[in-house]
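Following: one structure in structure tokens, then a few remarks.
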Amino acid sequence: MDGTEAAQIAAQGTAPDHGKLQWRILIGFVAGLIAGLLAYTFARDAAWVGQAITYVTNPIGQIFLRLLFMLVIPLLFSALVVGIAEMGEVRSLGRVGLKTLGYTVVVSSIAVAISLALVNLIRPGDGIDPAAAADLLAQGAEGASSIVAASAESDAGVNQVIAIVPSNIIAAMSANDILAVMFFALFFGIGLLMVQTRRTETLKDAIEGVFEVAMKLIGFVIRLAPIAIFCFMFNLTAQFGWDLLVKLAAFVAVVLLALGIQMFGVFPLILRFVARKSPVAFFRQTREASLMAFSTASSNATLPTALRVADTELRLPRRIARFVLTIGATANQNGTAMFEGVTVLFLAQFFGVGLSLMDQAFVMLICILAGIGTAGVPGGSLPVIALILVGVGVDPAGIGLILGVDRFLDMCRTTLNVVGDLVAAQTISTLSPELAEDDTGPLAAPA
Ligand code: ASP
């Protein structure tokens with residue numbers, strides 16, 4: 001899939017009514033919040049509130065989550081396989097590929113470590129009445145019981161590491177073992193890269209087809225979000241009341257702080273000391289891509305702009321820019337990795353689920369991989385977060401808590417994703433001077 005195709009697919013995710021959907025989501029959020037607060041204030045112990053939650057709002061929310069779960073395995077698998085197989089189209093850039101991979105792993109690790117440290121330090125989710133949280137947890141666990149049961153017997157210690165390599169991929173998929181599925185997808189992608197025949201080309205096309213269909217279906221499911229969000233917010237505020245708003249504000253603040261440290265602390269250091277480029281000039285030259293990322297909340301939709309900025313403003317070698325930015329739009333998502341880390345730990349704190357150091361290491365590893373596996377579309381993080389929550393034993397219905405503020409945070413994290421890709425392209429260009437001279441390749445996507 002080249003840049004143009006990626007942009008086309010992304011454009012489907014930002015269709016004209018997408019803006020309207022955002023408003024509907026906001027309305028669902030506010031309406032659910034108000035209805036829940038009214039129920040909390042005036043009818044806290046009324047039987048009808050409990051019934052409404054059990055028979056209406058909870059089931060609707062659960063169905064929404066199950067639809068997301070249903071799509072996550074095909075989406076992750078196809079996105080990862082295609083991401084790796086794409087490297088084969090630019091085999092001449094093999095060393096750049098390795099550098100890009102190394103860069104992505106190191107910088108994503110820094111990003112995730114910052115975000116996990118911040119949530120542990122500030123603990124924005126603490127302080128909710130444990131009895132009420134346990135209540136909510138029990139309710140949600142019922143709905144998602146099959147998924148939760150599947151991940152309940154997770155191993156500890158060295159077995160957890162061994163379990164990353166699945167002995168049976170179908171079993172791993174049916175158990176929603178996301179890390180094992182990702183491992184298989186990476187392995188499969190490398191295999192696909194190494195066998196270049198007519199048949200493997202067809203297979204690659206078919207897997208790209210799966211990716212496109214999954215993206216389209218995610219788009220449909222997201223349309224149900226306003227109703228689901230109303231239900232989630234009602235459930236939560238009817239039980240937690242005003243406390244919830246304070247926690248939510250703290251959550252938003254921690255996400256923004258984490259993203260800010262990466263953007264204005266880590267990136268300038270990389271630019272200055274590794275890429276040897278003035279951070280101020282860099283931020284000025286990449287303004288157009290940042291604005292585009294902020295307003296579309298989609299790395300894929302921003303790809304053509306990012307390619308143009310790399311060419312006309314940063315004046316990077318085209319082959320390197322095309323390679324790093326195309327792969328990076330799906331694979332190098334610092335903002336997404338950070339957001340996923342903060343969200344999972346915040347919800348664990350909120351629901352009083354203690355996470356051991358081992359659990360946190362699991363979250364960190366999976367967030368780094370998730371930065372690679374998350375689709376570069378609006379809300380691409382959501383199914384991945386739902387799955388990680390199950391993996392660490394937190395009620396996935398808790399995701400309803402953050403959906404209402406997700407659009408704004410999505411705009412911010414996508415900006416970091418895209419700027420991060422441009423920082424990567426700049427850095428790898430500096431580290432690959434041999435490729436900079438022989439540079440006549442055309443750009444992937446029309447500007
Ligand atoms: N919207 C993000 C992107 O396109 C993905 C996500 O974190 O939801 O980069």
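Numbering starts fresh at 1 for the residues of each chain in the structure tokens, the chains themselves are lettered A, B, ... in the order given, and ligands are numbered from 1 as they appear.
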Per residue of chain A within 8 Å of ligand 1, note the shortest atom pair and the distance in Å to one decimal, counting only C-alpha atoms and all ligand atoms, and order the rows by chain and increasing residue number, as a Markdown table.
```
| residue | atom | partner | partner_atom_place_in_ligand_line | distance |
| --- | --- | --- | --- | --- |
| A:Ala293 | CA | ligand 1 | 4 (O) | 7.8 |
| A:Ala297 | CA | ligand 1 | 1 (N) | 4.7 |
| A:Ser298 | CA | ligand 1 | 4 (O) | 3.3 |
| A:Ser299 | CA | ligand 1 | 4 (O) | 3.9 |
| A:Asn300 | CA | ligand 1 | 4 (O) | 6.1 |
| A:Ala301 | CA | ligand 1 | 4 (O) | 7.7 |
| A:Ala329 | CA | ligand 1 | 9 (O) | 7.0 |
| A:Thr330 | CA | ligand 1 | 9 (O) | 7.3 |
| A:Gln333 | CA | ligand 1 | 9 (O) | 6.3 |
| A:Gly335 | CA | ligand 1 | 7 (O) | 6.9 |
| A:Thr336 | CA | ligand 1 | 7 (O) | 4.1 |
| A:Ala337 | CA | ligand 1 | 7 (O) | 7.6 |
| A:Phe339 | CA | ligand 1 | 7 (O) | 7.3 |
| A:Glu340 | CA | ligand 1 | 7 (O) | 7.8 |
| A:Thr374 | CA | ligand 1 | 5 (C) | 6.3 |
| A:Ala375 | CA | ligand 1 | 5 (C) | 6.0 |
| A:Gly376 | CA | ligand 1 | 4 (O) | 3.3 |
| A:Val377 | CA | ligand 1 | 4 (O) | 3.9 |
| A:Pro378 | CA | ligand 1 | 1 (N) | 3.9 |
| A:Gly379 | CA | ligand 1 | 8 (O) | 3.8 |
| A:Gly380 | CA | ligand 1 | 8 (O) | 3.5 |
| A:Ser381 | CA | ligand 1 | 8 (O) | 3.8 |
| A:Leu382 | CA | ligand 1 | 8 (O) | 6.5 |
| A:Asp410 | CA | ligand 1 | 1 (N) | 5.3 |
| A:Met411 | CA | ligand 1 | 1 (N) | 6.9 |
| A:Arg413 | CA | ligand 1 | 7 (O) | 6.4 |
| A:Thr414 | CA | ligand 1 | 9 (O) | 4.2 |
| A:Thr415 | CA | ligand 1 | 9 (O) | 7.6 |
| A:Asn417 | CA | ligand 1 | 9 (O) | 5.6 |
| A:Val418 | CA | ligand 1 | 9 (O) | 7.1 |
```
With N, CA and C atoms retained, export the selected residues as a compact mmCIF listing (two decimals), in the first residue's frame.
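Saved file again31.txt follows:
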```txt
# COMPACT_ATOMS: atom_id res chain seq x y z
N ALA A 293 -2.63 17.24 11.18
CA ALA A 293 -2.79 16.12 12.10
C ALA A 293 -3.77 16.48 13.20
N ALA A 297 -7.10 14.30 13.17
CA ALA A 297 -6.90 13.22 14.16
C ALA A 297 -6.60 11.90 13.45
N SER A 298 -5.91 11.98 12.31
CA SER A 298 -5.56 10.75 11.60
C SER A 298 -4.17 10.86 10.98
N SER A 299 -3.27 10.00 11.38
CA SER A 299 -1.92 10.01 10.80
C SER A 299 -1.98 9.66 9.32
N ASN A 300 -2.85 8.71 8.97
CA ASN A 300 -2.93 8.31 7.56
C ASN A 300 -3.40 9.47 6.68
N ALA A 301 -4.42 10.18 7.15
CA ALA A 301 -4.93 11.30 6.36
C ALA A 301 -3.89 12.40 6.23
N ALA A 329 3.51 6.27 9.60
CA ALA A 329 2.11 6.66 9.78
C ALA A 329 1.33 5.57 10.53
N THR A 330 1.73 4.32 10.37
CA THR A 330 1.09 3.26 11.16
C THR A 330 1.99 2.75 12.28
N GLN A 333 4.04 5.54 16.39
CA GLN A 333 3.02 6.43 16.96
C GLN A 333 3.32 6.67 18.43
N GLY A 335 2.59 9.30 20.31
CA GLY A 335 1.47 9.87 21.06
C GLY A 335 0.47 8.79 21.44
N THR A 336 0.21 7.89 20.50
CA THR A 336 -0.73 6.80 20.75
C THR A 336 -0.20 5.87 21.83
N ALA A 337 1.08 5.51 21.75
CA ALA A 337 1.66 4.62 22.76
C ALA A 337 1.55 5.25 24.14
N PHE A 339 -0.59 7.62 25.15
CA PHE A 339 -1.99 7.72 25.54
C PHE A 339 -2.51 6.38 26.06
N GLU A 340 -2.14 5.31 25.35
CA GLU A 340 -2.61 3.99 25.76
C GLU A 340 -2.07 3.62 27.13
N THR A 374 -1.43 0.05 16.03
CA THR A 374 -2.66 0.85 16.01
C THR A 374 -2.83 1.53 14.66
N ALA A 375 -4.04 1.42 14.10
CA ALA A 375 -4.29 2.06 12.80
C ALA A 375 -4.25 3.58 12.94
N GLY A 376 -3.73 4.26 11.93
CA GLY A 376 -3.61 5.73 11.99
C GLY A 376 -4.89 6.43 11.59
N VAL A 377 -5.96 6.09 12.26
CA VAL A 377 -7.26 6.71 11.96
C VAL A 377 -7.85 7.28 13.25
N PRO A 378 -8.85 8.18 13.13
CA PRO A 378 -9.42 8.73 14.36
C PRO A 378 -9.94 7.60 15.27
N GLY A 379 -9.59 7.66 16.52
CA GLY A 379 -10.06 6.64 17.47
C GLY A 379 -9.40 5.29 17.31
N GLY A 380 -8.31 5.22 16.54
CA GLY A 380 -7.63 3.94 16.31
C GLY A 380 -7.18 3.25 17.59
N SER A 381 -6.93 4.04 18.63
CA SER A 381 -6.45 3.48 19.90
C SER A 381 -7.52 2.69 20.65
N LEU A 382 -8.79 3.03 20.42
CA LEU A 382 -9.83 2.53 21.33
C LEU A 382 -9.92 1.01 21.42
N ASP A 410 -7.32 12.74 21.06
CA ASP A 410 -6.91 12.12 19.80
C ASP A 410 -6.21 13.15 18.91
N MET A 411 -6.79 14.36 18.86
CA MET A 411 -6.18 15.42 18.05
C MET A 411 -4.76 15.70 18.54
N ARG A 413 -2.75 13.65 20.43
CA ARG A 413 -1.78 12.55 20.29
C ARG A 413 -1.42 12.32 18.83
N THR A 414 -2.38 12.57 17.91
CA THR A 414 -2.07 12.41 16.50
C THR A 414 -1.02 13.42 16.05
N THR A 415 -1.12 14.64 16.60
CA THR A 415 -0.10 15.66 16.27
C THR A 415 1.27 15.14 16.69
N ASN A 417 2.11 12.03 17.02
CA ASN A 417 2.45 10.91 16.13
C ASN A 417 3.11 11.41 14.85
N VAL A 418 2.48 12.43 14.24
CA VAL A 418 2.97 12.90 12.94
C VAL A 418 4.30 13.65 13.09
```
Exercise. For segment 232-246 of chain A, list every protein, DNA or RNA residue within 8 Å, evaluated using only C-alpha atoms, and leave out those in the same chain fewer than 3 positions away; present the list as a PyMOL selection string.
Key: chain A and resi 29+32-41+44+49+53+57-58+61+128+132+136+228-229+249-250+397+400-401
Practice problem: Mind the document's chain letters and residue numbers, and return as a PyMOL selection string the residues of segment 164-223 of chain A that DSSP labels helix (DSSP H, G or I). | Solution: chain A and resi 169-174+178-194+198-223
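Residues surrounding segment 74-80 of chain A within 7 Å are Met182, Ala185, Leu186, Ile207, Glu208, Val210, Phe211, Ala214, Gly373, Thr374 and Ala375 of chain A [only C-alpha atoms; sequence separation below 6 positions excluded].
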Could you please take those selected residues and save all heavy atoms as an mmCIF file, in the first residue's frame?
```
data_model
loop_
_atom_site.group_PDB
_atom_site.id
_atom_site.type_symbol
_atom_site.label_atom_id
_atom_site.label_comp_id
_atom_site.auth_asym_id
_atom_site.auth_seq_id
_atom_site.Cartn_x
_atom_site.Cartn_y
_atom_site.Cartn_z
ATOM 1 N N MET A 182 0.358 -10.551 17.952
ATOM 2 C CA MET A 182 1.277 -9.583 17.345
ATOM 3 C C MET A 182 2.586 -10.259 16.957
ATOM 4 O O MET A 182 3.154 -9.979 15.914
ATOM 5 C CB MET A 182 1.558 -8.450 18.318
ATOM 6 C CG MET A 182 0.450 -7.427 18.374
ATOM 7 S SD MET A 182 0.912 -6.149 19.549
ATOM 8 C CE MET A 182 -0.225 -4.870 19.087
ATOM 9 N N ALA A 185 2.027 -12.113 13.836
ATOM 10 C CA ALA A 185 1.870 -11.206 12.699
ATOM 11 C C ALA A 185 3.237 -10.685 12.236
ATOM 12 O O ALA A 185 3.507 -10.616 11.035
ATOM 13 C CB ALA A 185 0.949 -10.046 13.076
ATOM 14 N N LEU A 186 4.101 -10.336 13.192
ATOM 15 C CA LEU A 186 5.436 -9.858 12.830
ATOM 16 C C LEU A 186 6.205 -10.959 12.096
ATOM 17 O O LEU A 186 6.825 -10.729 11.061
ATOM 18 C CB LEU A 186 6.218 -9.455 14.091
ATOM 19 C CG LEU A 186 5.789 -8.163 14.760
ATOM 20 C CD1 LEU A 186 6.582 -7.943 16.042
ATOM 21 C CD2 LEU A 186 6.014 -6.973 13.830
ATOM 22 N N ILE A 207 -4.425 -9.645 2.255
ATOM 23 C CA ILE A 207 -4.329 -9.188 3.649
ATOM 24 C C ILE A 207 -4.579 -7.674 3.724
ATOM 25 O O ILE A 207 -5.221 -7.183 4.648
ATOM 26 C CB ILE A 207 -2.972 -9.586 4.256
ATOM 27 C CG1 ILE A 207 -2.864 -11.112 4.317
ATOM 28 C CG2 ILE A 207 -2.811 -9.005 5.659
ATOM 29 C CD1 ILE A 207 -1.540 -11.646 4.796
ATOM 30 N N GLU A 208 -4.108 -6.957 2.700
ATOM 31 C CA GLU A 208 -4.423 -5.524 2.651
ATOM 32 C C GLU A 208 -5.924 -5.317 2.546
ATOM 33 O O GLU A 208 -6.480 -4.377 3.113
ATOM 34 C CB GLU A 208 -3.727 -4.868 1.451
ATOM 35 C CG GLU A 208 -2.275 -4.598 1.703
ATOM 36 C CD GLU A 208 -1.669 -3.682 0.656
ATOM 37 O OE1 GLU A 208 -2.388 -2.832 0.092
ATOM 38 O OE2 GLU A 208 -0.466 -3.819 0.400
ATOM 39 N N VAL A 210 -8.182 -7.311 3.819
ATOM 40 C CA VAL A 210 -8.738 -7.531 5.163
ATOM 41 C C VAL A 210 -8.606 -6.244 5.975
ATOM 42 O O VAL A 210 -9.535 -5.804 6.660
ATOM 43 C CB VAL A 210 -7.998 -8.691 5.882
ATOM 44 C CG1 VAL A 210 -8.426 -8.787 7.342
ATOM 45 C CG2 VAL A 210 -8.250 -10.001 5.163
ATOM 46 N N PHE A 211 -7.440 -5.620 5.858
ATOM 47 C CA PHE A 211 -7.194 -4.373 6.581
ATOM 48 C C PHE A 211 -8.219 -3.300 6.181
ATOM 49 O O PHE A 211 -8.828 -2.655 7.031
ATOM 50 C CB PHE A 211 -5.769 -3.895 6.268
ATOM 51 C CG PHE A 211 -5.425 -2.557 6.852
ATOM 52 C CD1 PHE A 211 -5.217 -2.410 8.208
ATOM 53 C CD2 PHE A 211 -5.320 -1.430 6.037
ATOM 54 C CE1 PHE A 211 -4.902 -1.182 8.753
ATOM 55 C CE2 PHE A 211 -4.996 -0.199 6.572
ATOM 56 C CZ PHE A 211 -4.788 -0.071 7.928
ATOM 57 N N ALA A 214 -11.663 -4.178 7.553
ATOM 58 C CA ALA A 214 -11.723 -3.970 9.009
ATOM 59 C C ALA A 214 -11.822 -2.485 9.333
ATOM 60 O O ALA A 214 -12.594 -2.075 10.210
ATOM 61 C CB ALA A 214 -10.507 -4.593 9.673
ATOM 62 N N GLY A 373 1.015 -1.297 16.074
ATOM 63 C CA GLY A 373 -0.161 -1.991 15.544
ATOM 64 C C GLY A 373 -1.424 -1.156 15.452
ATOM 65 O O GLY A 373 -2.404 -1.600 14.866
ATOM 66 N N THR A 374 -1.430 0.054 16.032
ATOM 67 C CA THR A 374 -2.658 0.850 16.011
ATOM 68 C C THR A 374 -2.833 1.534 14.659
ATOM 69 O O THR A 374 -1.889 2.127 14.146
ATOM 70 C CB THR A 374 -2.608 1.919 17.116
ATOM 71 O OG1 THR A 374 -2.388 1.277 18.362
ATOM 72 C CG2 THR A 374 -3.911 2.693 17.185
ATOM 73 N N ALA A 375 -4.037 1.425 14.098
ATOM 74 C CA ALA A 375 -4.289 2.060 12.803
ATOM 75 C C ALA A 375 -4.251 3.578 12.944
ATOM 76 O O ALA A 375 -4.693 4.118 13.957
ATOM 77 C CB ALA A 375 -5.646 1.618 12.287
#
```
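Ranking A:Val107, A:Ile222, A:Ile320, A:Ile368 by their shortest atom-to-atom distance to Arg24 of chain A, with only C-alpha atoms included, puts A:Ile222 first.
Picture a line from atom CA of Ile27 of chain A to atom CA of Pro226 of chain A; it runs 7.3 Å.
Residues surrounding Arg66 of chain A within 10 Å are Ile60, Gly61, Gln62, Ile63, Phe64, Leu68, Phe69, Met70, Leu71, Val72, Gly143, Ala144, Ile147, Pro383, Ala386 and Pro396 of chain A [only C-alpha atoms; sequence separation below 2 positions excluded].
Taking only C-alpha atoms into account, Leu369 of chain A lies nearest to A:Asn332 out of the set A:Thr343, A:Thr54, A:Asn332, A:Ser115.
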